[in-house]
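*Asks:* File name entry.txt; file contents compact mmCIF, C-alpha atoms; full text below.
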# COMPACT_ATOMS: atom_id res chain seq x y z
CA MET A 632 63.73 -79.08 90.24
CA ARG A 633 63.35 -77.47 86.85
CA THR A 634 67.11 -77.59 86.28
CA LEU A 635 67.12 -81.29 87.10
CA ARG A 636 64.38 -81.89 84.59
CA LEU A 637 66.25 -79.89 81.96
CA LEU A 638 69.46 -81.83 82.62
CA ARG A 639 67.56 -85.11 82.36
CA ARG A 640 66.03 -84.04 79.05
CA ARG A 641 69.42 -82.94 77.72
CA ARG A 642 70.88 -86.31 78.71
CA ALA A 643 67.98 -88.07 76.98
CA LEU A 644 68.54 -86.01 73.83
CA LEU A 645 72.26 -86.75 73.86
CA ASN A 646 71.58 -90.48 74.08
CA CYS A 647 69.49 -90.12 70.90
CA ALA A 648 71.97 -87.79 69.20
CA PRO A 649 71.99 -88.46 65.47
CA ILE A 650 74.83 -90.29 63.82
CA SER A 651 75.01 -87.81 60.96
CA GLN A 652 74.59 -84.05 61.14
CA ASN A 653 71.70 -83.99 58.66
CA HIS A 654 69.46 -85.66 61.20
CA LEU A 655 69.72 -82.86 63.76
CA ALA A 656 65.96 -82.66 63.92
CA ASP A 657 65.16 -79.66 66.08
CA ARG A 658 66.61 -76.79 68.05
CA SER A 659 66.66 -78.61 71.39
CA MET A 660 68.69 -81.45 69.86
CA ARG A 661 71.08 -79.03 68.15
CA ALA A 662 71.53 -77.15 71.43
CA ALA A 663 72.18 -80.34 73.42
CA VAL A 664 74.72 -81.60 70.87
CA ALA A 665 76.47 -78.21 70.64
CA ARG A 666 76.78 -78.02 74.43
CA GLU A 667 78.26 -81.51 74.72
CA ASP A 668 80.36 -81.43 71.54
CA GLY A 669 83.95 -82.34 72.32
CA SER A 670 83.38 -84.14 75.62
CA ASP A 671 85.13 -87.55 75.76
CA GLU A 672 81.96 -89.42 76.59
CA PHE A 673 80.04 -87.91 73.71
CA VAL A 674 82.91 -88.39 71.26
CA ASN A 675 83.08 -92.07 72.26
CA GLN A 676 79.35 -92.42 71.82
CA GLN A 677 79.44 -90.80 68.38
CA ASN A 678 82.35 -92.97 67.23
CA PHE A 679 80.57 -96.04 68.55
CA ASP A 680 77.32 -95.14 66.77
CA ARG A 681 79.09 -94.30 63.52
CA ALA A 682 80.92 -97.63 63.54
CA VAL A 683 77.69 -99.57 64.14
CA ALA A 684 75.89 -97.61 61.41
CA GLU A 685 78.72 -98.38 58.98
CA ILE A 686 78.34 -102.10 59.66
CA VAL A 687 74.56 -101.79 59.16
CA GLY A 688 75.24 -100.05 55.86
CA LEU A 689 77.24 -103.11 54.79
CA VAL A 690 74.23 -105.42 55.14
CA PRO A 691 74.01 -106.90 51.62
CA ILE A 692 70.70 -106.78 49.79
CA PRO A 693 69.78 -110.18 48.31
CA PRO A 694 69.19 -110.03 44.52
CA GLU A 695 65.60 -111.32 44.98
CA SER A 696 64.78 -108.33 47.19
CA ALA A 697 66.76 -105.90 45.07
CA GLU A 698 64.27 -106.60 42.24
CA TRP A 699 61.78 -104.50 44.16
CA PHE A 700 63.90 -101.40 43.89
CA SER A 701 63.47 -101.23 40.14
CA GLU A 702 59.73 -101.63 40.74
CA LYS A 703 59.65 -98.85 43.31
CA GLU A 704 56.86 -97.34 41.27
CA ALA A 705 54.65 -100.16 42.52
CA VAL A 706 54.55 -98.81 46.06
CA ARG A 707 54.43 -95.16 45.21
CA ALA A 708 51.18 -93.35 45.80
CA PRO A 709 49.03 -93.61 42.68
CA ARG A 710 49.49 -90.64 40.36
CA TRP A 711 46.47 -88.56 39.51
CA THR A 712 45.73 -88.74 35.83
CA TRP A 713 43.19 -86.55 34.05
CA LYS A 714 41.02 -89.60 33.47
CA LYS A 715 41.14 -90.48 37.19
CA ILE A 716 40.32 -86.91 38.19
CA VAL A 717 37.38 -86.76 35.79
CA LEU A 718 36.03 -90.15 36.90
CA ASN A 719 36.33 -89.26 40.59
CA PRO A 720 32.72 -89.37 41.90
CA ALA A 721 33.09 -86.06 43.75
CA VAL A 722 34.52 -84.29 40.70
CA LEU A 723 31.88 -85.91 38.49
CA ALA A 724 29.04 -84.80 40.79
CA ILE A 725 30.39 -81.25 41.01
CA SER A 726 30.86 -81.10 37.22
CA ILE A 727 27.30 -82.27 36.57
CA ALA A 728 25.94 -79.79 39.12
CA LEU A 729 27.93 -76.96 37.52
CA LEU A 730 26.71 -77.97 34.05
CA VAL A 731 23.08 -77.95 35.24
CA ILE A 732 23.55 -74.55 36.91
CA ALA A 733 25.24 -73.22 33.76
CA GLY A 734 22.40 -74.64 31.64
CA VAL A 735 19.71 -73.01 33.78
CA PHE A 736 21.65 -69.75 33.80
CA ALA A 737 22.09 -69.83 30.00
CA PHE A 738 18.40 -70.66 29.54
CA HIS A 739 17.36 -67.69 31.68
CA LEU A 740 19.91 -65.45 29.98
CA LEU A 741 18.64 -66.38 26.50
CA ASP A 742 15.11 -65.90 27.74
CA ARG A 743 16.05 -62.44 29.00
CA LEU A 744 17.84 -61.59 25.75
CA ASN A 745 14.63 -62.36 23.84
CA ASP A 746 12.54 -60.25 26.19
CA PHE A 747 10.93 -57.08 24.83
CA PRO A 748 8.27 -54.68 26.18
CA GLY A 749 5.02 -56.63 26.25
CA SER A 750 6.64 -60.08 26.10
CA ALA A 751 4.98 -61.08 29.39
CA THR A 752 1.52 -60.30 27.98
CA ALA A 753 2.42 -62.05 24.73
CA ARG A 754 3.33 -65.23 26.63
CA LYS A 755 0.08 -65.13 28.58
CA LEU A 756 -1.81 -64.79 25.30
CA LEU A 757 -0.02 -67.83 23.91
CA THR A 758 -1.55 -69.78 26.80
CA VAL A 759 -4.92 -68.28 25.88
CA ALA A 760 -4.38 -69.35 22.27
CA GLY A 761 -3.70 -72.88 23.41
CA SER A 762 -6.87 -73.10 25.48
CA THR A 763 -9.36 -71.31 23.18
CA ARG A 764 -11.85 -73.26 21.05
CA SER A 765 -13.10 -71.61 17.86
CA VAL A 766 -16.73 -71.99 19.01
CA THR A 767 -16.14 -69.50 21.84
CA LEU A 768 -15.47 -66.74 19.27
CA ASP A 769 -18.07 -64.82 17.35
CA PRO A 770 -18.16 -66.30 13.87
CA VAL A 771 -16.86 -63.78 11.36
CA THR A 772 -15.98 -64.70 7.81
CA ALA A 773 -13.99 -61.84 6.35
CA GLU A 774 -10.49 -60.72 5.50
CA ALA A 775 -8.49 -60.08 8.68
CA GLY A 776 -7.62 -56.56 7.57
CA THR A 777 -11.25 -55.52 7.61
CA LEU A 778 -11.72 -56.26 11.31
CA SER A 779 -9.94 -53.04 12.36
CA ASP A 780 -13.13 -51.11 11.62
CA LEU A 781 -15.20 -53.62 13.58
CA PHE A 782 -12.94 -53.27 16.62
CA PHE A 783 -13.08 -49.48 16.38
CA MET A 784 -16.82 -49.13 15.80
CA LYS A 785 -18.11 -51.92 18.04
CA HIS A 786 -15.51 -51.80 20.86
CA GLY A 787 -13.89 -48.35 20.52
CA LEU A 788 -10.44 -49.85 20.05
CA GLU A 789 -8.19 -47.47 18.14
CA HIS A 790 -5.27 -48.69 16.01
CA TYR A 791 -6.16 -52.35 16.50
CA ASP A 792 -4.97 -52.91 12.94
CA VAL A 793 -3.84 -56.16 11.40
CA PRO A 794 -0.59 -55.50 9.47
CA ASP A 795 -1.15 -55.29 5.70
CA GLU A 796 0.72 -58.48 4.99
CA PHE A 797 -1.61 -60.50 7.26
CA ALA A 798 -4.65 -58.53 6.14
CA ASP A 799 -5.78 -60.93 3.40
CA PHE A 800 -6.04 -64.01 5.65
CA GLN A 801 -9.58 -65.36 5.93
CA THR A 802 -11.02 -65.23 9.45
CA ILE A 803 -13.46 -67.68 11.00
CA GLY A 804 -14.13 -65.80 14.21
CA CYS A 805 -13.07 -63.06 16.58
CA ARG A 806 -13.72 -61.69 20.03
CA VAL A 807 -12.65 -58.88 22.36
CA PHE A 808 -12.01 -59.60 26.03
CA ASP A 809 -10.30 -58.11 29.07
CA ASP A 810 -7.24 -59.84 30.46
CA ASP A 811 -6.37 -60.05 34.17
CA GLU A 812 -4.88 -56.55 33.97
CA SER A 813 -8.08 -55.17 32.41
CA GLN A 814 -6.35 -54.63 29.09
CA ARG A 815 -8.57 -54.91 26.03
CA ILE A 816 -7.44 -57.83 23.92
CA ALA A 817 -8.69 -58.63 20.43
CA GLN A 818 -8.42 -62.23 19.28
CA ILE A 819 -8.90 -63.35 15.67
CA TRP A 820 -9.11 -66.94 14.51
CA ILE A 821 -7.74 -67.61 11.01
CA ALA A 822 -8.68 -70.51 8.76
CA GLU A 823 -5.13 -71.14 7.59
CA LYS A 824 -3.15 -73.52 9.80
CA ARG A 825 -5.48 -72.67 12.71
CA MET A 826 -3.48 -69.53 13.13
CA GLN A 827 -4.63 -66.87 15.59
CA PHE A 828 -3.98 -63.14 15.77
CA PHE A 829 -3.93 -61.08 18.94
CA LEU A 830 -4.00 -57.32 19.27
CA PHE A 831 -3.22 -55.81 22.65
CA PRO A 832 -2.01 -52.48 24.08
CA ALA A 833 1.77 -52.03 23.98
CA GLU A 834 3.60 -51.71 27.29
CA ARG A 835 4.02 -48.17 28.52
CA ASP A 836 6.58 -46.47 30.76
CA ALA A 837 5.16 -46.46 34.31
CA LYS A 838 6.29 -42.87 34.95
CA THR A 839 5.83 -41.06 31.66
CA GLY A 840 3.16 -43.22 30.09
CA ALA A 841 5.10 -43.27 26.83
CA VAL A 842 4.81 -46.38 24.66
CA LEU A 843 7.83 -48.65 24.96
CA ALA A 844 8.34 -49.27 21.29
CA PHE A 845 10.59 -51.91 19.76
CA PRO A 846 11.57 -52.38 16.14
CA GLY A 847 10.73 -55.37 13.92
CA TRP A 848 9.37 -58.74 14.90
CA ARG A 849 10.09 -60.58 18.12
CA TYR A 850 9.39 -64.23 18.85
CA VAL A 851 7.88 -65.64 22.01
CA HIS A 852 7.43 -69.29 22.92
CA GLN A 853 5.14 -71.03 25.36
CA GLU A 854 4.24 -74.70 25.69
CA GLY A 855 4.67 -75.61 22.01
CA TRP A 856 3.16 -72.39 20.71
CA VAL A 857 5.10 -69.65 18.97
CA GLY A 858 4.16 -66.05 18.41
CA ALA A 859 5.67 -63.24 16.33
CA VAL A 860 5.03 -59.81 17.82
CA ALA A 861 5.33 -56.34 16.26
CA GLU A 862 4.38 -52.96 17.73
CA HIS A 863 2.69 -50.18 15.77
CA ASN A 864 0.91 -47.04 17.03
CA GLY A 865 0.94 -48.23 20.65
CA VAL A 866 -0.71 -51.54 19.82
CA CYS A 867 1.02 -54.90 19.58
CA PHE A 868 0.04 -57.39 16.93
CA MET A 869 0.88 -61.06 17.49
CA ALA A 870 0.50 -63.89 14.96
CA VAL A 871 0.33 -67.23 16.75
CA LEU A 872 0.40 -70.86 15.68
CA ARG A 873 1.24 -74.21 17.21
CA GLY A 874 4.76 -75.08 16.18
CA ARG A 875 8.17 -73.51 16.00
CA GLU A 876 9.77 -70.34 14.73
CA LYS A 877 10.49 -71.91 11.35
CA ASP A 878 6.71 -72.42 10.85
CA LEU A 879 6.09 -68.72 11.31
CA ALA A 880 9.20 -67.49 9.50
CA PRO A 881 7.76 -67.83 5.94
CA TYR A 882 4.91 -65.46 6.86
CA LEU A 883 7.32 -62.91 8.30
CA SER A 884 9.68 -63.09 5.30
CA ARG A 885 6.62 -62.49 3.13
CA LEU A 886 6.06 -59.39 5.18
CA LYS A 887 9.55 -58.15 4.45
CA LYS A 888 9.01 -58.57 0.72
CA MET B 108 54.16 -90.16 52.15
CA SER B 109 57.73 -89.21 51.48
CA ASP B 110 59.27 -91.50 48.89
CA GLN B 111 62.76 -90.50 49.95
CA LYS B 112 62.04 -91.66 53.50
CA GLN B 113 60.51 -94.93 52.35
CA ASN B 114 63.96 -96.08 51.28
CA LEU B 115 63.53 -99.70 50.19
CA PRO B 116 67.13 -100.96 50.72
CA GLN B 117 66.94 -99.52 54.23
CA LEU B 118 63.59 -101.25 54.71
CA TYR B 119 65.24 -104.57 53.91
CA ARG B 120 68.13 -103.78 56.32
CA PHE B 121 65.56 -102.91 58.99
CA CYS B 122 63.90 -106.31 58.54
CA PHE B 123 67.32 -107.99 58.69
CA LEU B 124 68.26 -106.21 61.94
CA MET B 125 64.88 -107.04 63.46
CA LEU B 126 65.06 -110.74 62.55
CA GLY B 127 68.79 -111.51 62.32
CA ASP B 128 68.05 -113.94 59.51
CA SER B 129 68.37 -113.11 55.82
CA ARG B 130 65.71 -115.59 54.67
CA LYS B 131 63.10 -114.37 57.17
CA ALA B 132 64.00 -110.75 56.45
CA GLN B 133 63.43 -111.34 52.73
CA GLU B 134 60.11 -113.00 53.44
CA VAL B 135 58.85 -110.10 55.54
CA PHE B 136 60.28 -107.54 53.12
CA ASN B 137 58.64 -109.22 50.11
CA THR B 138 55.30 -109.68 51.88
CA THR B 139 55.27 -106.04 52.99
CA LEU B 140 56.01 -104.77 49.50
CA ARG B 141 53.56 -107.16 47.85
CA GLU B 142 50.84 -105.92 50.20
CA ALA B 143 51.86 -102.33 49.46
CA ALA B 144 51.74 -102.96 45.71
CA MET B 145 48.25 -104.44 46.01
CA ARG B 146 47.05 -101.49 48.05
CA ALA B 147 48.64 -99.10 45.55
CA ALA B 148 46.79 -100.84 42.71
CA GLN B 149 43.52 -100.34 44.60
CA GLY B 150 44.45 -96.72 45.35
CA GLU B 151 44.42 -97.43 49.09
CA LEU B 152 47.98 -96.52 50.05
CA PRO B 153 48.05 -95.03 53.55
CA LYS B 154 48.94 -91.36 53.68
CA GLU B 155 50.81 -91.58 57.01
CA SER B 156 54.59 -91.28 56.93
CA PHE B 157 56.81 -94.35 57.22
CA TRP B 158 53.88 -96.72 57.06
CA LEU B 159 56.08 -99.26 55.22
CA PHE B 160 58.47 -99.36 58.19
CA ARG B 161 55.57 -99.60 60.64
CA GLU B 162 54.02 -102.42 58.62
CA ALA B 163 57.36 -104.22 58.34
CA ARG B 164 57.97 -103.81 62.06
CA TRP B 165 54.73 -105.55 63.01
CA ARG B 166 55.40 -108.32 60.51
CA CYS B 167 58.91 -108.81 61.96
CA LEU B 168 57.53 -108.98 65.50
CA GLU B 169 54.87 -111.43 64.34
CA ALA B 170 57.47 -113.57 62.57
CA SER B 171 59.81 -113.62 65.57
CA LYS B 172 57.00 -114.64 67.91
CA MET B 173 57.17 -118.13 66.42
CA ASP B 174 60.92 -118.39 67.04
CA LEU B 175 62.58 -119.72 70.15
CA GLN B 176 62.56 -116.86 72.63
CA PRO B 177 65.83 -115.98 74.41
CA GLU B 178 65.85 -116.46 78.14
CA SER B 179 65.59 -113.21 80.02
CA LEU B 180 69.00 -112.90 81.60
CA GLU B 181 70.85 -110.07 83.20
CA ILE B 182 73.23 -108.90 80.51
CA ASP B 183 76.52 -107.25 81.34
CA GLU B 184 76.87 -103.59 80.63
CA HIS B 185 80.17 -101.75 80.06
CA ALA B 186 80.74 -98.08 79.50
CA VAL B 187 81.40 -97.25 75.86
CA ALA B 188 85.15 -97.50 75.38
CA PRO B 189 87.35 -95.33 73.13
CA GLN B 190 88.47 -98.45 71.24
CA ALA B 191 84.85 -99.57 70.63
CA ALA B 192 84.87 -98.32 67.04
CA SER B 193 87.79 -100.59 66.11
CA GLN B 194 86.13 -103.54 67.89
CA ILE B 195 82.91 -102.93 65.95
CA LYS B 196 84.73 -102.73 62.64
CA GLN B 197 85.77 -106.36 63.09
CA LEU B 198 82.13 -107.41 63.25
CA ASP B 199 80.26 -109.04 60.45
CA PRO B 200 76.88 -107.41 59.59
CA ALA B 201 75.14 -110.73 60.28
CA GLN B 202 76.68 -110.91 63.77
CA LEU B 203 75.45 -107.40 64.56
CA ALA B 204 71.99 -108.24 63.21
CA ILE B 205 71.81 -111.37 65.35
CA TRP B 206 72.79 -109.33 68.40
CA ILE B 207 70.18 -106.64 67.74
CA SER B 208 67.46 -109.15 66.90
CA ALA B 209 68.03 -110.89 70.22
CA ALA B 210 67.09 -107.72 72.13
CA PRO B 211 63.55 -107.57 73.48
CA ASP B 212 61.14 -105.30 71.71
CA PRO B 213 60.73 -102.29 71.73
CA GLN B 214 64.48 -101.96 72.39
CA ARG B 215 65.09 -104.05 69.27
CA THR B 216 62.99 -101.67 67.12
CA ALA B 217 64.70 -98.65 68.68
CA LEU B 218 68.21 -100.00 67.96
CA ALA B 219 67.35 -101.15 64.44
CA LEU B 220 65.77 -97.81 63.48
CA PHE B 221 68.52 -95.76 65.11
CA TYR B 222 71.45 -97.58 63.52
CA LEU B 223 69.87 -97.48 60.05
CA ASN B 224 70.93 -93.82 60.21
CA GLU B 225 67.85 -93.05 58.16
CA PHE B 226 65.63 -91.22 60.64
CA ASP B 227 65.98 -88.45 63.17
CA TYR B 228 64.97 -89.12 66.75
CA LEU B 229 61.49 -87.60 66.31
CA GLU B 230 60.78 -89.95 63.42
CA ILE B 231 62.02 -92.92 65.45
CA LEU B 232 59.71 -91.90 68.31
CA ASP B 233 56.86 -91.81 65.81
CA ILE B 234 57.55 -95.17 64.14
CA ALA B 235 58.38 -97.06 67.33
CA GLU B 236 55.65 -95.28 69.32
CA LEU B 237 58.03 -94.46 72.16
CA LYS B 238 58.66 -91.53 74.47
CA LEU B 239 61.99 -89.70 74.37
CA SER B 240 63.00 -90.93 77.83
CA THR B 241 62.29 -94.55 76.87
CA LEU B 242 64.13 -94.32 73.54
CA SER B 243 67.05 -92.69 75.32
CA ARG B 244 67.17 -95.45 77.92
CA TYR B 245 67.01 -98.23 75.31
CA LEU B 246 69.79 -96.70 73.20
CA ALA B 247 72.09 -96.01 76.15
CA GLN B 248 71.50 -99.47 77.53
CA GLY B 249 72.00 -101.00 74.07
CA ARG B 250 75.38 -99.30 73.69
CA ARG B 251 76.55 -100.50 77.08
CA GLN B 252 75.35 -104.04 76.45
CA LEU B 253 76.94 -104.14 72.98
CA GLN B 254 80.19 -102.86 74.48
CA ALA B 255 80.09 -105.61 77.10
CA TRP B 256 79.45 -108.19 74.38
CA LEU B 257 82.31 -106.79 72.27
CA ASP B 258 84.61 -106.87 75.29
CA ALA B 259 83.62 -110.43 76.04
CA LYS B 260 84.04 -111.40 72.40
CA HIS B 261 87.51 -109.96 72.27
CA SER B 262 88.60 -111.42 75.57
CA GLY B 263 87.40 -114.84 74.37
CA ALA B 264 84.87 -115.94 76.98
CA PRO B 265 81.30 -114.72 77.08
CA LYS B 266 80.29 -113.37 80.44
CA ILE B 267 76.65 -113.52 81.49
Any chance you could give the structure as structure tokens?
*Replies:*
Amino acid sequence: MRTLRLLRRRRALLNCAPISQNHLADRSMRAAVAREDGSDEFVNQQNFDRAVAEIVGLVPIPPESAEWFSEKEAVRAPRWTWKKIVLNPAVLAISIALLVIAGVFAFHLLDRLNDFPGSATARKLLTVAGSTRSVTLDPVTAEAGTLSDLFFMKHGLEHYDVPDEFADFQTIGCRVFDDDESQRIAQIWIAEKRMQFFLFPAERDAKTGAVLAFPGWRYVHQEGWVGAVAEHNGVCFMAVLRGREKDLAPYLSRLKK
Amino acid sequence: MSDQKQNLPQLYRFCFLMLGDSRKAQEVFNTTLREAAMRAAQGELPKESFWLFREARWRCLEASKMDLQPESLEIDEHAVAPQAASQIKQLDPAQLAIWISAAPDPQRTALALFYLNEFDYLEILDIAELKLSTLSRYLAQGRRQLQAWLDAKHSGAPKI
């Protein structure tokens, strides 16, 4: 039964045997042709097919239709150009998504690069600066530098010193309060440009308790407020005003001088 | 889509074999390519292989529907003779096309695609949507019928 089926299939393949060798599509066809090659019937069939194909090849192409051949480009699949690729909605959507992700990543990276020990507290205090009204502070008219003694004698806060360069600013009020981590914070309101100063304990190593010091001035930003922070003797000093870094920069360059 | 396989001169010859009339073949060929050019401009070219031949085939069948249909008669069949090749060489391409175009479809499509010598049998099965056994039967029968016609032609009187 199986042999009969195989013979029938071989016969079917031979009837479809290609006219030229380069159309021997698969192994079964090659096998069928190889087995039958040389038999009179198959030779007749091949000669017959070749002769018919030759006549078909002689079919002339009218000039009107031949015009299409030079315009073959017209029916070719459209080529992908850079412009097409870029304007493809899928590519566009993916590009925008990648740009947004890259933007967020860069923003967080820059944020991290600007981080320093105590930056989290400094940011929280910028929010405090934004929400404090001068009337909530005890009115004090003095030079900022002189308040160190007040903080020490009245509140027992050691080294809560205003840096020398900010020391001659006239104050209009000050207060001492505990933040949500029970750290003692000193806040000073300055007459000039509604500037505020904050003094707060520097961040310490959780294991050793050593102060995590950092050199120079560091900027922090929060909701339109900018602060410049410096650490000295385990206490951070932060000068704050509403604006940008360039508004604070002149005061810091004065410090350098 | 393989550009090599979408051979345009062969596409025209296919239309000619299917219709047996140069004017109609040109019409179908031009319409098919115009449609393809429009779709290419809109970036909607089908990705399937040999779609131009498939498209042209349906257009040819559509065009020949409006023609006078040949009566279904029992046609003589002769075994392929050793001298067949020399008999065929005396044929004019138009005569062969008329003979093929008179065959009922799908035998007509099978013969036209096969004698283009452009496709292997698997590709013909794909374009004509046939099974191997059917294609085999149509080709074998076609050869025998063409041989009978050639014999009749050379003996002078057509035998039906």
*Asks:* Any idea which chain A residues end up within 10 Å of chain B if we count all atoms listed in the file, as a PyMOL selection string please?
*Replies:* chain A and resi 639-640+642-657+660+671-693+695-697+699-700+702-710
*Asks:* Between CA of Asp128 in chain B and CA of Trp158 in chain B, what is the spacing in Å?
*Replies:* 22.4 Å
*Asks:* Which residue, B:Leu118, B:Met125, B:Ala170, B:Ile182, has the smallest gap to Pro213 in chain B when you use only C-alpha atoms?
*Replies:* B:Met125
*Asks:* So how many Å separate CA of Asp809 in chain A and CA of Gly847 in chain A, to one decimal?
*Replies:*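 We find that CA of Asp809 in chain A and CA of Gly847 in chain A lie 26.1 Å from each other.
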*Asks:* Just the residues within 12 Å of range 835-839 of chain A, please, counting all atoms listed in the file, with nothing from its chain fewer than 2 positions along; format it as a PyMOL selection string.
*Replies:* chain A and resi 747-749+832-833+841-845+862+864-867
*Asks:* List the residues sitting within 9 Å of (-7.5, -57.1, 20.7) in the file's frame, using only C-alpha atoms, as a short mmCIF file (atom, residue, chain, number, x, y, z; two decimals) with C-alpha atoms, in the coordinates of the input.
*Replies:*
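Output saved as part.cif:
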data_model
loop_
_atom_site.label_atom_id
_atom_site.label_comp_id
_atom_site.auth_asym_id
_atom_site.auth_seq_id
_atom_site.Cartn_x
_atom_site.Cartn_y
_atom_site.Cartn_z
CA PHE A 782 -12.94 -53.27 16.62
CA LEU A 788 -10.44 -49.85 20.05
CA TYR A 791 -6.16 -52.35 16.50
CA ARG A 806 -13.72 -61.69 20.03
CA VAL A 807 -12.65 -58.88 22.36
CA PHE A 808 -12.01 -59.60 26.03
CA ASP A 809 -10.30 -58.11 29.07
CA GLN A 814 -6.35 -54.63 29.09
CA ARG A 815 -8.57 -54.91 26.03
CA ILE A 816 -7.44 -57.83 23.92
CA ALA A 817 -8.69 -58.63 20.43
CA GLN A 818 -8.42 -62.23 19.28
CA ILE A 819 -8.90 -63.35 15.67
CA PHE A 828 -3.98 -63.14 15.77
CA PHE A 829 -3.93 -61.08 18.94
CA LEU A 830 -4.00 -57.32 19.27
CA PHE A 831 -3.22 -55.81 22.65
CA PRO A 832 -2.01 -52.48 24.08
CA VAL A 866 -0.71 -51.54 19.82
CA CYS A 867 1.02 -54.90 19.58
CA PHE A 868 0.04 -57.39 16.93
#
*Asks:* Identify which of the residues B:Glu169, B:Glu162, B:Asp183, B:Asp212 lies closest to Ala255 in chain B, counting only C-alpha atoms when measuring atom-to-atom distances.
*Replies:* B:Asp183
*Asks:* One decimal, in Å: what's the spacing between CA of Phe800 in chain A and CA of Glu774 in chain A?
*Replies:*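 Value for the CA of Phe800 in chain A-CA of Glu774 in chain A distance: 5.5 Å.
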*Asks:* Could you pull the residues within 9 Å of Ser765 in chain A, counting only C-alpha atoms, minus those fewer than 6 positions along the same chain, as a PDB file with C-alpha atoms, in the coordinates of the input?
*Replies:*
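Final output, saved to around25.pdb:
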ATOM      1  CA  ILE A 803     -13.460 -67.680  11.000  1.00  0.00           C
ATOM      2  CA  GLY A 804     -14.130 -65.800  14.210  1.00  0.00           C
ATOM      3  CA  CYS A 805     -13.070 -63.060  16.580  1.00  0.00           C
ATOM      4  CA  TRP A 820      -9.110 -66.940  14.510  1.00  0.00           C
TER       5      TRP A 820
END
*Asks:* Could you add the missing atoms to range 136-147 of chain B, up to N, CA and C atoms, and return them as a CSV table (one decimal), in the coordinates of the input?
*Replies:*
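Listed below is the output, rebuild.csv:
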chain,number,residue,atom,x,y,z
B,136,PHE,N,60.1,-108.7,54.1
B,136,PHE,CA,60.3,-107.5,53.1
B,136,PHE,C,59.4,-107.7,51.9
B,137,ASN,N,59.4,-109.0,51.3
B,137,ASN,CA,58.6,-109.2,50.1
B,137,ASN,C,57.1,-109.1,50.4
B,138,THR,N,56.7,-109.7,51.5
B,138,THR,CA,55.3,-109.7,51.9
B,138,THR,C,54.8,-108.2,52.1
B,139,THR,N,55.6,-107.4,52.7
B,139,THR,CA,55.3,-106.0,53.0
B,139,THR,C,55.1,-105.3,51.7
B,140,LEU,N,56.1,-105.5,50.8
B,140,LEU,CA,56.0,-104.8,49.5
B,140,LEU,C,54.9,-105.3,48.6
B,141,ARG,N,54.7,-106.6,48.7
B,141,ARG,CA,53.6,-107.2,47.8
B,141,ARG,C,52.2,-106.6,48.3
B,142,GLU,N,52.1,-106.5,49.6
B,142,GLU,CA,50.8,-105.9,50.2
B,142,GLU,C,50.7,-104.4,49.8
B,143,ALA,N,51.9,-103.8,49.8
B,143,ALA,CA,51.9,-102.3,49.5
B,143,ALA,C,51.5,-102.2,48.0
B,144,ALA,N,52.0,-103.0,47.1
B,144,ALA,CA,51.7,-103.0,45.7
B,144,ALA,C,50.3,-103.2,45.4
B,145,MET,N,49.7,-104.2,46.2
B,145,MET,CA,48.2,-104.4,46.0
B,145,MET,C,47.4,-103.2,46.4
B,146,ARG,N,47.8,-102.7,47.6
B,146,ARG,CA,47.0,-101.5,48.0
B,146,ARG,C,47.2,-100.3,47.1
B,147,ALA,N,48.4,-100.2,46.5
B,147,ALA,CA,48.6,-99.1,45.6
B,147,ALA,C,47.8,-99.3,44.3
